[in-house]
Structure formats: C-alpha cells, structure tokens
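Input: a single structure, listed below in structure tokens.
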Amino acid sequence: MDALAGLLEGPRARGAFMIRACFDPPWAVRVEDRAPLTVMLMVRGDAWIVPDTGERLRLRAGDLAIARGPDPYVCADDPATAPQAVILPGGACSYPDGRPLNGSMDLGVRTWGDRPDGRAVLLIGTYLVRGEIGGRLLDALPPLLSLTSEAWDNPLTPLLMSEVTRDEPGQEVVLDRLLDLLVIAALRAWFAGPSADAPAWYRALGDPVVGRALRLLQDDPAHPWTVASLAAKTGVSRAALARRFTDLVGEPPMGYLTGWRLALAADRLRDGEDTLGAIARRVGYGSAFALSAAFKRVYGVSPQEYRAGGPG
C-alpha cells in the first residue's frame, strides 16, 4: 500500500446526499448539517464559503472546496448576503426563523434553489456518517480546503452533471462511487500541493527508513511487530529506528502502531457488522477484551458505545 492509498482508502459513501444547487444573486445558505465531509464543486458563476471561525474562501467556476464538519458555515454569492435558508442534519431545510421550507426550493430530481439555469450552479456531495470516511483522513484535513481549476485537472464534472439529475435504478450507488472518486482525486491533488499541511507521519513516508517502517505497520497491523523486528526489516539498529521514527513522526513506533490499530478498529466499528472479536483479530489484538480496554483508554468510550454513535 503506498502512502496516499493508506490515507485515502477510507471514502465509502452509502446513500450520500448529493444535489445540484442553482441560484441567482443575491443568495446565501447556512449549513448546519454537522456532516463529517462535504464537497462543493463550482460549475458556473462564483461563490463564497464563510465559516463561523477561520478565513472565508472564494470559489470560481471549476474550483472545488472540501469542508470538514461538524462546524457550520455559509455559502453565498457575497459574504454580506444574509442566509435565506438553513440546511439541517438529515438534509432537512428551513427558513432562518425555523419555519420548514416544505420543498419550496425543489427544482426537480436532486436539483434545488431558485431556477435550474441559475447564474450560479454548484454540485454538492455530503458524506452523512463519519464511518464512511477514514478517521485518519478526517484528522489530516483542515476545516476548509480548496483547489482552483488551475491546480488540478478534473475530468469528473461533466459526468457528475449528467448523472446527478438522473432517476434510474441503482442511481444512488452510481453517485456514491462518483463522489468517492471526486474526493480521492481532489485530495490526491491537494496533498501534492504546497498548501497542504500534511500530518507528520505522512511526510515521514518519504524517508527511506521510517517510510518503510510505516508501510510495514500500515500494510500488516495484525502482525506482532516489535521495534526489533521493524529494525531488522529496515536495515538499521533498534536505537536508530526508534530515534529516527520518533523525530520524524512525533511518537515512537509502537505508539504509532497502537493508534493505527485503534483507528482501523474505530472505522470498522462504524462501517460494518463484524464482532468485536473479529475486529480485534484483524487489527492485531489477541482478544476482544484487550481491544476494548485499549479502545476505551484512547477514545474514552467502549467499542460498543462508539459503534452506537457515542463520542468519537
């Protein structure tokens, strides 16, 4: 598994919320859906994304933005425009005073806004459940990032535009996979750019020694790794590996392995029906009890509570 594959293997949309939004100025929508990840692709016109905290972002035709939840933000033609609608969890919509919109802005299949040929058109895709995105991927992203049309070549826009308004058997699955492809393509371009603030372990993958050790841990987390066995595989002494790994990654090898195993376990708890014992074996714990104890120590809740939607 290469560095980027290890980071991006998480996106697995299931019934994602996807819509074509069409507006005429002035327009503004406040988003309070608490979704873990939302992708906004500007097809026509331009827009501003204004978070409650942090810097606002301008999108022009061809640009893409990714917002990492759950913090709210406003999407508008101008930062000064007052919101006309609020997007709530589950795709519900209301006026700013709380009255439900009751479909008054529906324009057809997965189309919403003022009129279908509005001056501003956005494609919006939202992952509704955190387990559909690898936790390590979310943790590696800033609250808001963008790619300009000059920074990446996106061949998916025409396909998304033609598919988003179709109402055919299996269409949700088609859109889910297209959304996954869009996210992976965008993040691949973003991580390769100069503005990406990649985590230390990601940058360390470029080191010939530590990078190999990280790949060994990522590829086979269930193996009974020790610092000695990792050092033998990477061709350096235990002390040299431990020192170099800690300097570049920010934690020792076994500490990283524990975090990686528990992150994998967390994703599987939210993204499947495997028993705790089966998950424990897959991520390198000898028993469900051992995994449960380690999980609660790090995440603050039991695996069962986490699976049921508790903190995390």
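All residue names refer to the structure tokens as shown: chains lettered A, B, ... in order, residues numbered from 1 in each chain, ligands numbered from 1 in order.
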Within 10 Å of segment 194-197 of chain A, counting only C-alpha atoms, which residues show up once you throw out same-chain ones fewer than 5 positions away? Write them as a PyMOL selection string, please. chain A and resi 140-142+145-147+187+189+202-203
Restrict the selected residues to all heavy atoms and save them as a PDB file, in the first residue's frame.
ATOM      1  N   ALA A 140      -6.525  14.425   9.175  1.00  0.00           N
ATOM      2  CA  ALA A 140      -5.425  15.015   8.405  1.00  0.00           C
ATOM      3  C   ALA A 140      -5.832  16.264   7.639  1.00  0.00           C
ATOM      4  O   ALA A 140      -4.975  16.952   7.079  1.00  0.00           O
ATOM      5  CB  ALA A 140      -4.859  13.984   7.422  1.00  0.00           C
ATOM      6  N   LEU A 141      -7.137  16.573   7.618  1.00  0.00           N
ATOM      7  CA  LEU A 141      -7.622  17.687   6.799  1.00  0.00           C
ATOM      8  C   LEU A 141      -7.878  18.934   7.630  1.00  0.00           C
ATOM      9  O   LEU A 141      -8.289  18.839   8.790  1.00  0.00           O
ATOM     10  CB  LEU A 141      -8.916  17.288   6.097  1.00  0.00           C
ATOM     11  CG  LEU A 141      -8.857  16.091   5.155  1.00  0.00           C
ATOM     12  CD1 LEU A 141     -10.237  15.825   4.564  1.00  0.00           C
ATOM     13  CD2 LEU A 141      -7.820  16.304   4.059  1.00  0.00           C
ATOM     14  N   PRO A 142      -7.691  20.098   7.050  1.00  0.00           N
ATOM     15  CA  PRO A 142      -8.096  21.339   7.720  1.00  0.00           C
ATOM     16  C   PRO A 142      -9.613  21.477   7.667  1.00  0.00           C
ATOM     17  O   PRO A 142     -10.285  20.762   6.911  1.00  0.00           O
ATOM     18  CB  PRO A 142      -7.408  22.419   6.886  1.00  0.00           C
ATOM     19  CG  PRO A 142      -7.336  21.833   5.518  1.00  0.00           C
ATOM     20  CD  PRO A 142      -7.101  20.354   5.720  1.00  0.00           C
ATOM     21  N   LEU A 145     -10.694  23.428   2.828  1.00  0.00           N
ATOM     22  CA  LEU A 145      -9.605  23.471   1.855  1.00  0.00           C
ATOM     23  C   LEU A 145     -10.199  23.672   0.465  1.00  0.00           C
ATOM     24  O   LEU A 145     -11.382  23.423   0.233  1.00  0.00           O
ATOM     25  CB  LEU A 145      -8.757  22.200   1.902  1.00  0.00           C
ATOM     26  CG  LEU A 145      -9.392  20.875   1.486  1.00  0.00           C
ATOM     27  CD1 LEU A 145      -9.246  20.614  -0.007  1.00  0.00           C
ATOM     28  CD2 LEU A 145      -8.768  19.726   2.265  1.00  0.00           C
ATOM     29  N   SER A 146      -9.367  24.123  -0.460  1.00  0.00           N
ATOM     30  CA  SER A 146      -9.861  24.366  -1.811  1.00  0.00           C
ATOM     31  C   SER A 146      -8.793  24.036  -2.839  1.00  0.00           C
ATOM     32  O   SER A 146      -7.591  24.020  -2.549  1.00  0.00           O
ATOM     33  CB  SER A 146     -10.288  25.826  -1.983  1.00  0.00           C
ATOM     34  OG  SER A 146      -9.154  26.683  -1.918  1.00  0.00           O
ATOM     35  N   LEU A 147      -9.270  23.744  -4.039  1.00  0.00           N
ATOM     36  CA  LEU A 147      -8.422  23.547  -5.206  1.00  0.00           C
ATOM     37  C   LEU A 147      -8.971  24.414  -6.326  1.00  0.00           C
ATOM     38  O   LEU A 147     -10.160  24.343  -6.636  1.00  0.00           O
ATOM     39  CB  LEU A 147      -8.439  22.081  -5.644  1.00  0.00           C
ATOM     40  CG  LEU A 147      -7.642  21.083  -4.812  1.00  0.00           C
ATOM     41  CD1 LEU A 147      -8.037  19.667  -5.205  1.00  0.00           C
ATOM     42  CD2 LEU A 147      -6.149  21.286  -5.001  1.00  0.00           C
ATOM     43  N   LEU A 187      -8.246  15.155  -3.203  1.00  0.00           N
ATOM     44  CA  LEU A 187      -7.278  15.101  -2.106  1.00  0.00           C
ATOM     45  C   LEU A 187      -5.902  14.665  -2.586  1.00  0.00           C
ATOM     46  O   LEU A 187      -4.892  15.091  -2.033  1.00  0.00           O
ATOM     47  CB  LEU A 187      -7.792  14.172  -1.013  1.00  0.00           C
ATOM     48  CG  LEU A 187      -9.012  14.699  -0.260  1.00  0.00           C
ATOM     49  CD1 LEU A 187      -9.465  13.712   0.799  1.00  0.00           C
ATOM     50  CD2 LEU A 187      -8.726  16.058   0.376  1.00  0.00           C
ATOM     51  N   ALA A 189      -4.629  15.580  -5.381  1.00  0.00           N
ATOM     52  CA  ALA A 189      -4.056  16.825  -5.884  1.00  0.00           C
ATOM     53  C   ALA A 189      -3.699  17.764  -4.744  1.00  0.00           C
ATOM     54  O   ALA A 189      -2.653  18.422  -4.771  1.00  0.00           O
ATOM     55  CB  ALA A 189      -5.045  17.501  -6.843  1.00  0.00           C
ATOM     56  N   TYR A 202       2.628  11.350   7.509  1.00  0.00           N
ATOM     57  CA  TYR A 202       2.509  11.343   6.053  1.00  0.00           C
ATOM     58  C   TYR A 202       3.791  11.865   5.423  1.00  0.00           C
ATOM     59  O   TYR A 202       4.303  11.297   4.451  1.00  0.00           O
ATOM     60  CB  TYR A 202       1.303  12.180   5.633  1.00  0.00           C
ATOM     61  CG  TYR A 202       1.073  12.206   4.151  1.00  0.00           C
ATOM     62  CD1 TYR A 202       0.366  11.180   3.524  1.00  0.00           C
ATOM     63  CD2 TYR A 202       1.561  13.241   3.359  1.00  0.00           C
ATOM     64  CE1 TYR A 202       0.164  11.191   2.155  1.00  0.00           C
ATOM     65  CE2 TYR A 202       1.358  13.256   1.996  1.00  0.00           C
ATOM     66  CZ  TYR A 202       0.649  12.226   1.400  1.00  0.00           C
ATOM     67  OH  TYR A 202       0.451  12.239   0.050  1.00  0.00           O
ATOM     68  N   ARG A 203       4.330  12.957   5.971  1.00  0.00           N
ATOM     69  CA  ARG A 203       5.589  13.488   5.451  1.00  0.00           C
ATOM     70  C   ARG A 203       6.724  12.496   5.655  1.00  0.00           C
ATOM     71  O   ARG A 203       7.620  12.372   4.819  1.00  0.00           O
ATOM     72  CB  ARG A 203       5.914  14.818   6.127  1.00  0.00           C
ATOM     73  CG  ARG A 203       4.899  15.918   5.854  1.00  0.00           C
ATOM     74  CD  ARG A 203       5.417  17.277   6.305  1.00  0.00           C
ATOM     75  NE  ARG A 203       5.708  17.304   7.735  1.00  0.00           N
ATOM     76  CZ  ARG A 203       4.826  17.655   8.664  1.00  0.00           C
ATOM     77  NH1 ARG A 203       3.583  17.988   8.313  1.00  0.00           N
ATOM     78  NH2 ARG A 203       5.158  17.676   9.936  1.00  0.00           N
TER      79      ARG A 203
END
Contacts of Ile124 of chain A at 6 Å (only C-alpha atoms; same-chain gap of 5+ positions) as a list of chain:residue names: A:Met18, A:Ile19, A:Val39, A:Met40
Of the candidates A:Ile87, A:Val129, A:Leu159, A:Leu241, which shows the shortest atom-to-atom distance to Val174 of chain A, using only C-alpha atoms? A:Leu159
For Tyr73 of chain A, work out the shell of residues within 8 Å, counting only C-alpha atoms and skipping chain neighbours fewer than 5 positions away, then give it as a list in words.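 Here the qualifying residues turn out to be Arg30, Val31, Glu32, Ile49, Val50, Pro51 and Asp52 of chain A.
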Would you mind exporting the chosen residues as a PDB file, in the first residue's frame, restricted to C-alpha atoms?
ATOM      1  CA  ARG A  30     -26.313  28.448   6.039  1.00  0.00           C
ATOM      2  CA  VAL A  31     -25.157  24.840   6.502  1.00  0.00           C
ATOM      3  CA  GLU A  32     -25.662  23.327   9.951  1.00  0.00           C
ATOM      4  CA  ILE A  49     -17.766  29.982   1.752  1.00  0.00           C
ATOM      5  CA  VAL A  50     -17.791  31.771   5.088  1.00  0.00           C
ATOM      6  CA  PRO A  51     -17.144  29.659   8.219  1.00  0.00           C
ATOM      7  CA  ASP A  52     -18.128  30.924  11.659  1.00  0.00           C
TER       8      ASP A  52
END
Near segment 230-239 of chain A, within 12 Å and counting only C-alpha atoms, which residues show up once chain neighbours fewer than 3 positions away are dropped, as a list in words? Asp207, Pro208, Val209, Val210, Gly211, Arg212, Ala213, Leu214, Arg215, Leu216, Leu217, Asp220, His223, Pro224, Trp225, Thr226, Val227, Ala242, Arg243, Arg244, Phe245, Thr246, Pro252, Pro253, Met254 and Leu257 of chain A
Selection above as a file: N, CA and C atoms, as an mmCIF file, in the first residue's frame:
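For reference, selection02.cif as written:
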data_model
loop_
_atom_site.group_PDB
_atom_site.id
_atom_site.type_symbol
_atom_site.label_atom_id
_atom_site.label_comp_id
_atom_site.auth_asym_id
_atom_site.auth_seq_id
_atom_site.Cartn_x
_atom_site.Cartn_y
_atom_site.Cartn_z
ATOM 1 N N ASP A 207 10.814 9.264 3.921
ATOM 2 C CA ASP A 207 12.128 8.879 4.457
ATOM 3 C C ASP A 207 12.393 7.410 4.128
ATOM 4 N N PRO A 208 13.593 7.067 3.650
ATOM 5 C CA PRO A 208 13.844 5.687 3.223
ATOM 6 C C PRO A 208 13.745 4.651 4.343
ATOM 7 N N VAL A 209 14.026 5.056 5.562
ATOM 8 C CA VAL A 209 13.961 4.111 6.689
ATOM 9 C C VAL A 209 12.596 4.160 7.360
ATOM 10 N N VAL A 210 12.201 5.347 7.808
ATOM 11 C CA VAL A 210 10.934 5.478 8.529
ATOM 12 C C VAL A 210 9.758 5.207 7.593
ATOM 13 N N GLY A 211 9.878 5.618 6.338
ATOM 14 C CA GLY A 211 8.806 5.345 5.381
ATOM 15 C C GLY A 211 8.564 3.856 5.225
ATOM 16 N N ARG A 212 9.633 3.081 5.157
ATOM 17 C CA ARG A 212 9.465 1.618 5.045
ATOM 18 C C ARG A 212 8.822 1.055 6.305
ATOM 19 N N ALA A 213 9.254 1.541 7.465
ATOM 20 C CA ALA A 213 8.651 1.056 8.710
ATOM 21 C C ALA A 213 7.159 1.390 8.766
ATOM 22 N N LEU A 214 6.800 2.591 8.370
ATOM 23 C CA LEU A 214 5.391 2.974 8.370
ATOM 24 C C LEU A 214 4.572 2.107 7.430
ATOM 25 N N ARG A 215 5.113 1.819 6.258
ATOM 26 C CA ARG A 215 4.373 0.984 5.308
ATOM 27 C C ARG A 215 4.191 -0.434 5.847
ATOM 28 N N LEU A 216 5.199 -0.948 6.511
ATOM 29 C CA LEU A 216 5.069 -2.283 7.110
ATOM 30 C C LEU A 216 3.949 -2.296 8.145
ATOM 31 N N LEU A 217 3.894 -1.276 8.980
ATOM 32 C CA LEU A 217 2.851 -1.202 10.008
ATOM 33 C C LEU A 217 1.480 -1.015 9.383
ATOM 34 N N ASP A 220 0.275 -4.353 7.433
ATOM 35 C CA ASP A 220 0.006 -5.565 8.217
ATOM 36 C C ASP A 220 -0.072 -5.228 9.704
ATOM 37 N N HIS A 223 0.195 -8.040 12.486
ATOM 38 C CA HIS A 223 1.456 -8.738 12.759
ATOM 39 C C HIS A 223 1.978 -8.346 14.147
ATOM 40 N N PRO A 224 2.576 -9.281 14.885
ATOM 41 C CA PRO A 224 3.106 -8.947 16.225
ATOM 42 C C PRO A 224 4.407 -8.152 16.145
ATOM 43 N N TRP A 225 4.326 -6.936 15.690
ATOM 44 C CA TRP A 225 5.517 -6.123 15.484
ATOM 45 C C TRP A 225 6.193 -5.754 16.800
ATOM 46 N N THR A 226 7.501 -5.671 16.738
ATOM 47 C CA THR A 226 8.313 -5.086 17.805
ATOM 48 C C THR A 226 9.281 -4.109 17.153
ATOM 49 N N VAL A 227 9.893 -3.267 17.956
ATOM 50 C CA VAL A 227 10.890 -2.355 17.390
ATOM 51 C C VAL A 227 12.032 -3.152 16.772
ATOM 52 N N ALA A 242 14.191 3.718 16.439
ATOM 53 C CA ALA A 242 13.330 4.367 17.431
ATOM 54 C C ALA A 242 13.559 5.875 17.451
ATOM 55 N N ARG A 243 14.822 6.282 17.390
ATOM 56 C CA ARG A 243 15.140 7.713 17.430
ATOM 57 C C ARG A 243 14.662 8.422 16.158
ATOM 58 N N ARG A 244 14.949 7.829 15.016
ATOM 59 C CA ARG A 244 14.579 8.460 13.742
ATOM 60 C C ARG A 244 13.059 8.499 13.559
ATOM 61 N N PHE A 245 12.396 7.420 13.936
ATOM 62 C CA PHE A 245 10.945 7.350 13.827
ATOM 63 C C PHE A 245 10.290 8.415 14.700
ATOM 64 N N THR A 246 10.744 8.502 15.931
ATOM 65 C CA THR A 246 10.158 9.474 16.858
ATOM 66 C C THR A 246 10.414 10.903 16.410
ATOM 67 N N PRO A 252 6.859 7.246 19.147
ATOM 68 C CA PRO A 252 7.642 6.041 18.870
ATOM 69 C C PRO A 252 6.875 5.031 18.025
ATOM 70 N N PRO A 253 7.582 4.069 17.437
ATOM 71 C CA PRO A 253 6.919 3.121 16.529
ATOM 72 C C PRO A 253 5.739 2.382 17.139
ATOM 73 N N MET A 254 5.876 1.900 18.369
ATOM 74 C CA MET A 254 4.784 1.134 18.960
ATOM 75 C C MET A 254 3.608 2.035 19.337
ATOM 76 N N LEU A 257 1.794 2.425 16.084
ATOM 77 C CA LEU A 257 1.076 1.195 15.751
ATOM 78 C C LEU A 257 -0.218 1.090 16.552
#
For segment 84-156 of chain A against segment 75-80 of chain A, with a cut-off of 12 Å and counting only C-alpha atoms, what is the closest atom pair and its distance in Å to one decimal for every residue that makes the cut, ordered by chain and number, as CSV?
residue,atom,partner,partner_atom,distance
A:Gln84,CA,A:Ala76,CA,9.7
A:Ala85,CA,A:Cys75,CA,10.4
A:Val86,CA,A:Cys75,CA,10.3
A:Ile87,CA,A:Cys75,CA,10.7
A:Arg119,CA,A:Asp77,CA,10.2
A:Ala120,CA,A:Asp77,CA,8.2
A:Val121,CA,A:Asp77,CA,10.9
A:Leu122,CA,A:Cys75,CA,10.3
A:Ile124,CA,A:Cys75,CA,11.2
Go ahead and save the residues from that selection, with C-alpha atoms, as an mmCIF file, in the first residue's frame.
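Output contents, as saved in result-v9.cif:
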data_model
loop_
_atom_site.group_PDB
_atom_site.id
_atom_site.type_symbol
_atom_site.label_atom_id
_atom_site.label_comp_id
_atom_site.auth_asym_id
_atom_site.auth_seq_id
_atom_site.Cartn_x
_atom_site.Cartn_y
_atom_site.Cartn_z
ATOM 1 C CA GLN A 84 -32.225 32.708 3.066
ATOM 2 C CA ALA A 85 -32.241 29.033 4.066
ATOM 3 C CA VAL A 86 -30.626 26.706 6.618
ATOM 4 C CA ILE A 87 -29.540 23.128 5.889
ATOM 5 C CA ARG A 119 -26.323 32.162 -12.715
ATOM 6 C CA ALA A 120 -24.531 30.152 -10.027
ATOM 7 C CA VAL A 121 -24.501 26.331 -10.118
ATOM 8 C CA LEU A 122 -22.799 24.097 -7.549
ATOM 9 C CA ILE A 124 -22.668 19.400 -3.599
#
Counting only C-alpha atoms, which residue out of A:Thr258, A:Arg20, A:Arg297, A:Val249 sits closest to Glu163 of chain A?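 Result for the nearest residue to Glu163 of chain A: A:Arg20.
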Given only C-alpha atoms as the counted atoms, nearest of A:Ala293, A:Met161, A:Leu178, A:Leu137 to Phe191 of chain A: A:Leu137
